[in-house]
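For reference, the structure is listed below as structure tokens.
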Amino acid sequence: MSKIKKKRVGFVLDMTPLVDIAFLLLTFFMFTAKFKSDTENEQKFQIQRPRASADTSKVPEKDLAMIKIGIDTVTNDTAYYYSLSNEQDRKVVYNSDKVQLSDEARQKVILKVTDLKVLEALLKQTRMANLRMKFAIDADRRVQYKWIEDLTNVMRLSNATVFNFVTDRPS
Amino acid sequence: MGGGGGGLAAAPKVKRGSFATVRKKKKRVGFVLDMTPLVDIAFLLLTFFMLSTTLTTPQTMEMSVPPETENVEVKQSELLTVLVRDDGQIFKFIGDKKTNPPEKVNLKDIRALSVNENMRLENKLILSLRISNKVPYGMVINLLDELNIAETEITQRLTVKGMKRERKFALTPLTDEDKADLKDL
């Protein structure tokens with residue numbers, strides 16, 4: 001009888017170090033977490049970036065004009081997608097008379113561009129609005145090189161001769 | 001009597017004393033708080049942030065294109081041309097293609113080729129890349145990446161020799177003439 005009564009009902013474990021580490025990790029992930037921007041919310045495609053091991057520089061966050069070349073997941077067609085990181089510049093550039101856009105498109109954050117003339121006008125207006133603007137090309141690795149070639153030609157015409165290709169580190 | 005009295009007197013003393021020690025022992029050293037809900041929420045948030053963050057941030061490869069007006073004269077002997085055909089096959093020739101017909105090269109050998117040719121001509125070599133517009137973009141980046149890796153080695157070797165690396169590089173489309181040349185290779 002007495003033996004049965006002696007059975008342990010519970011035991012005590014010091015959880016303090018565990019909780020310490022858990023909170024440490026929690027704060028780390030909370031501070032490093034970055035949430036999707038408006039631009040990414042509007043986008044209907046996923047970019048499979050090309051992999052390059054020699055690159056070390058990061059994508060600038062401020063004064064960035066991003067030209068994405070993505071393949072739409074539903075319709076499977078390729079198009080240029082233009083976006084600016086700076087909201088003020090975005091308003092100026094998108095509402096410029098020199099850029100031919102529909103009123104609906106002017107309200108958007110990310111512009112789908114299929115006409116190279118429109119893209120050229122956008123790039124020129126962007127250069128005018130902000131001279132410190134940096135250009136980045138974020139293209140899917142499956143698109144034909146023709147898209148990049150056309151784009152670089154347009155960039156050359158708009159005097160945006162220095163730009164960045166966005167790549168991923170090989171896993 | 002005295003002993004009895006002492007005993008009588010001592011008895012309450014002991015009682016009082018024992019009472020006092022019980023009270024002293026009752027003083028709380030710490031307190032127990034049930035941390036389970038706190039820990040639950042902490043772990044919930046932890047898993048959320050862990051799963052929602054992407055640790056790999058994209059990198060960039062800097063490129064520049066010459067402005068429209070620029071037209072540079074090039075010595076043919078200092079020109080290394082790398083061509084990429086529609087099917088992604090890479091070819092190279094040095095100087096004039098009539099005397100030096102294009103040869104097939106593998107992507108793996110591009111790095112060594114660039115290093116060797118650059119060391120032979122020390123800073124004078126001009127690399128011309130002619131890429132077919134039907135090649136996937138990823139392949140072009142792979143090629144540029146190989147050249148960038150070669151670039152670090154060239155820079156290192158030239159600094160040992162006391163020279164400053166100047167990279168000369170042109171990215172141009174593949175012409176119809178090139179396509180015809182490469183067709184049967």
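Here, A, B, ... name the chains of the structure tokens in the order displayed, residue numbers run from 1 inside each chain, and ligands are numbered from 1 in the same displayed order.
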Can you work out which residues from chain A touch chain B at a cut-off of 7 Å (counting only C-alpha atoms) and hand them back as an MDAnalysis selection string?
chainID A and resid 19 22:23 25:26 29:30 33:34 50 52:59 141:146 156:157 159 161:168
Selected residues written out with C-alpha atoms, as a PDB file, in the first residue's frame:
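Output saved as out_38.pdb:
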ATOM      1  CA  VAL A  19      12.790  30.100 -21.966  1.00  0.00           C
ATOM      2  CA  ALA A  22      13.442  30.864 -26.789  1.00  0.00           C
ATOM      3  CA  PHE A  23      13.042  34.577 -26.113  1.00  0.00           C
ATOM      4  CA  LEU A  25      15.564  33.581 -30.770  1.00  0.00           C
ATOM      5  CA  LEU A  26      12.160  35.227 -30.757  1.00  0.00           C
ATOM      6  CA  PHE A  29      13.597  36.698 -35.671  1.00  0.00           C
ATOM      7  CA  MET A  30      11.292  39.574 -34.805  1.00  0.00           C
ATOM      8  CA  ALA A  33      11.690  39.799 -40.110  1.00  0.00           C
ATOM      9  CA  LYS A  34      10.707  41.833 -43.109  1.00  0.00           C
ATOM     10  CA  PRO A  50      19.487  33.156 -61.608  1.00  0.00           C
ATOM     11  CA  ALA A  52      25.613  33.620 -59.132  1.00  0.00           C
ATOM     12  CA  SER A  53      28.322  32.977 -56.585  1.00  0.00           C
ATOM     13  CA  ALA A  54      30.682  35.890 -57.235  1.00  0.00           C
ATOM     14  CA  ASP A  55      28.252  38.633 -56.244  1.00  0.00           C
ATOM     15  CA  THR A  56      28.457  40.142 -52.817  1.00  0.00           C
ATOM     16  CA  SER A  57      26.641  43.471 -52.940  1.00  0.00           C
ATOM     17  CA  LYS A  58      23.093  43.744 -51.714  1.00  0.00           C
ATOM     18  CA  VAL A  59      20.111  45.295 -53.409  1.00  0.00           C
ATOM     19  CA  ARG A 141      16.164  32.845 -65.242  1.00  0.00           C
ATOM     20  CA  ARG A 142      13.882  31.147 -67.764  1.00  0.00           C
ATOM     21  CA  VAL A 143      13.082  34.219 -69.861  1.00  0.00           C
ATOM     22  CA  GLN A 144      14.773  34.608 -73.202  1.00  0.00           C
ATOM     23  CA  TYR A 145      17.791  36.892 -73.316  1.00  0.00           C
ATOM     24  CA  LYS A 146      15.914  39.014 -75.861  1.00  0.00           C
ATOM     25  CA  ARG A 156      21.030  53.007 -72.711  1.00  0.00           C
ATOM     26  CA  LEU A 157      18.669  55.387 -74.526  1.00  0.00           C
ATOM     27  CA  ASN A 159      21.019  57.266 -69.984  1.00  0.00           C
ATOM     28  CA  THR A 161      23.882  52.994 -68.103  1.00  0.00           C
ATOM     29  CA  VAL A 162      24.695  51.454 -64.753  1.00  0.00           C
ATOM     30  CA  PHE A 163      22.377  48.859 -63.339  1.00  0.00           C
ATOM     31  CA  ASN A 164      22.279  45.724 -61.241  1.00  0.00           C
ATOM     32  CA  PHE A 165      21.168  42.225 -62.041  1.00  0.00           C
ATOM     33  CA  VAL A 166      19.462  40.680 -59.050  1.00  0.00           C
ATOM     34  CA  THR A 167      20.727  37.182 -58.372  1.00  0.00           C
ATOM     35  CA  ASP A 168      20.461  34.526 -55.717  1.00  0.00           C
TER      36      ASP A 168
END
Among chain A, which ones does DSSP assign to helix (DSSP H, G or I) (computed from the backbone)? Answer as a PyMOL selection string.
chain A and resi 2-5+16-32+38-42+87-94+103-106+116-129+145-157
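Every protein or nucleic acid residue with an atom no more than 9 Å from Ile90 (chain B), counting only C-alpha atoms and leaving out same-chain residues fewer than 2 positions away, appears here: Val82, Leu83, Val84, Arg85, Asp87, Gly88, Lys92, Glu103, Lys104, Val105, Asn106 and Leu107 of chain B.
Backbone DSSP assigns strand (DSSP E or B) in region 123-170 of chain A to A:Lys134, A:Phe135, A:Ala136, A:Ile137, A:Asp138, A:Ala139, A:Gln144, A:Val162, A:Phe163, A:Asn164, A:Phe165, A:Val166, A:Thr167, A:Asp168.
Taking CA of Leu174 (chain B) and CA of Arg130 (chain B) as endpoints, the distance between them is 4.8 Å.
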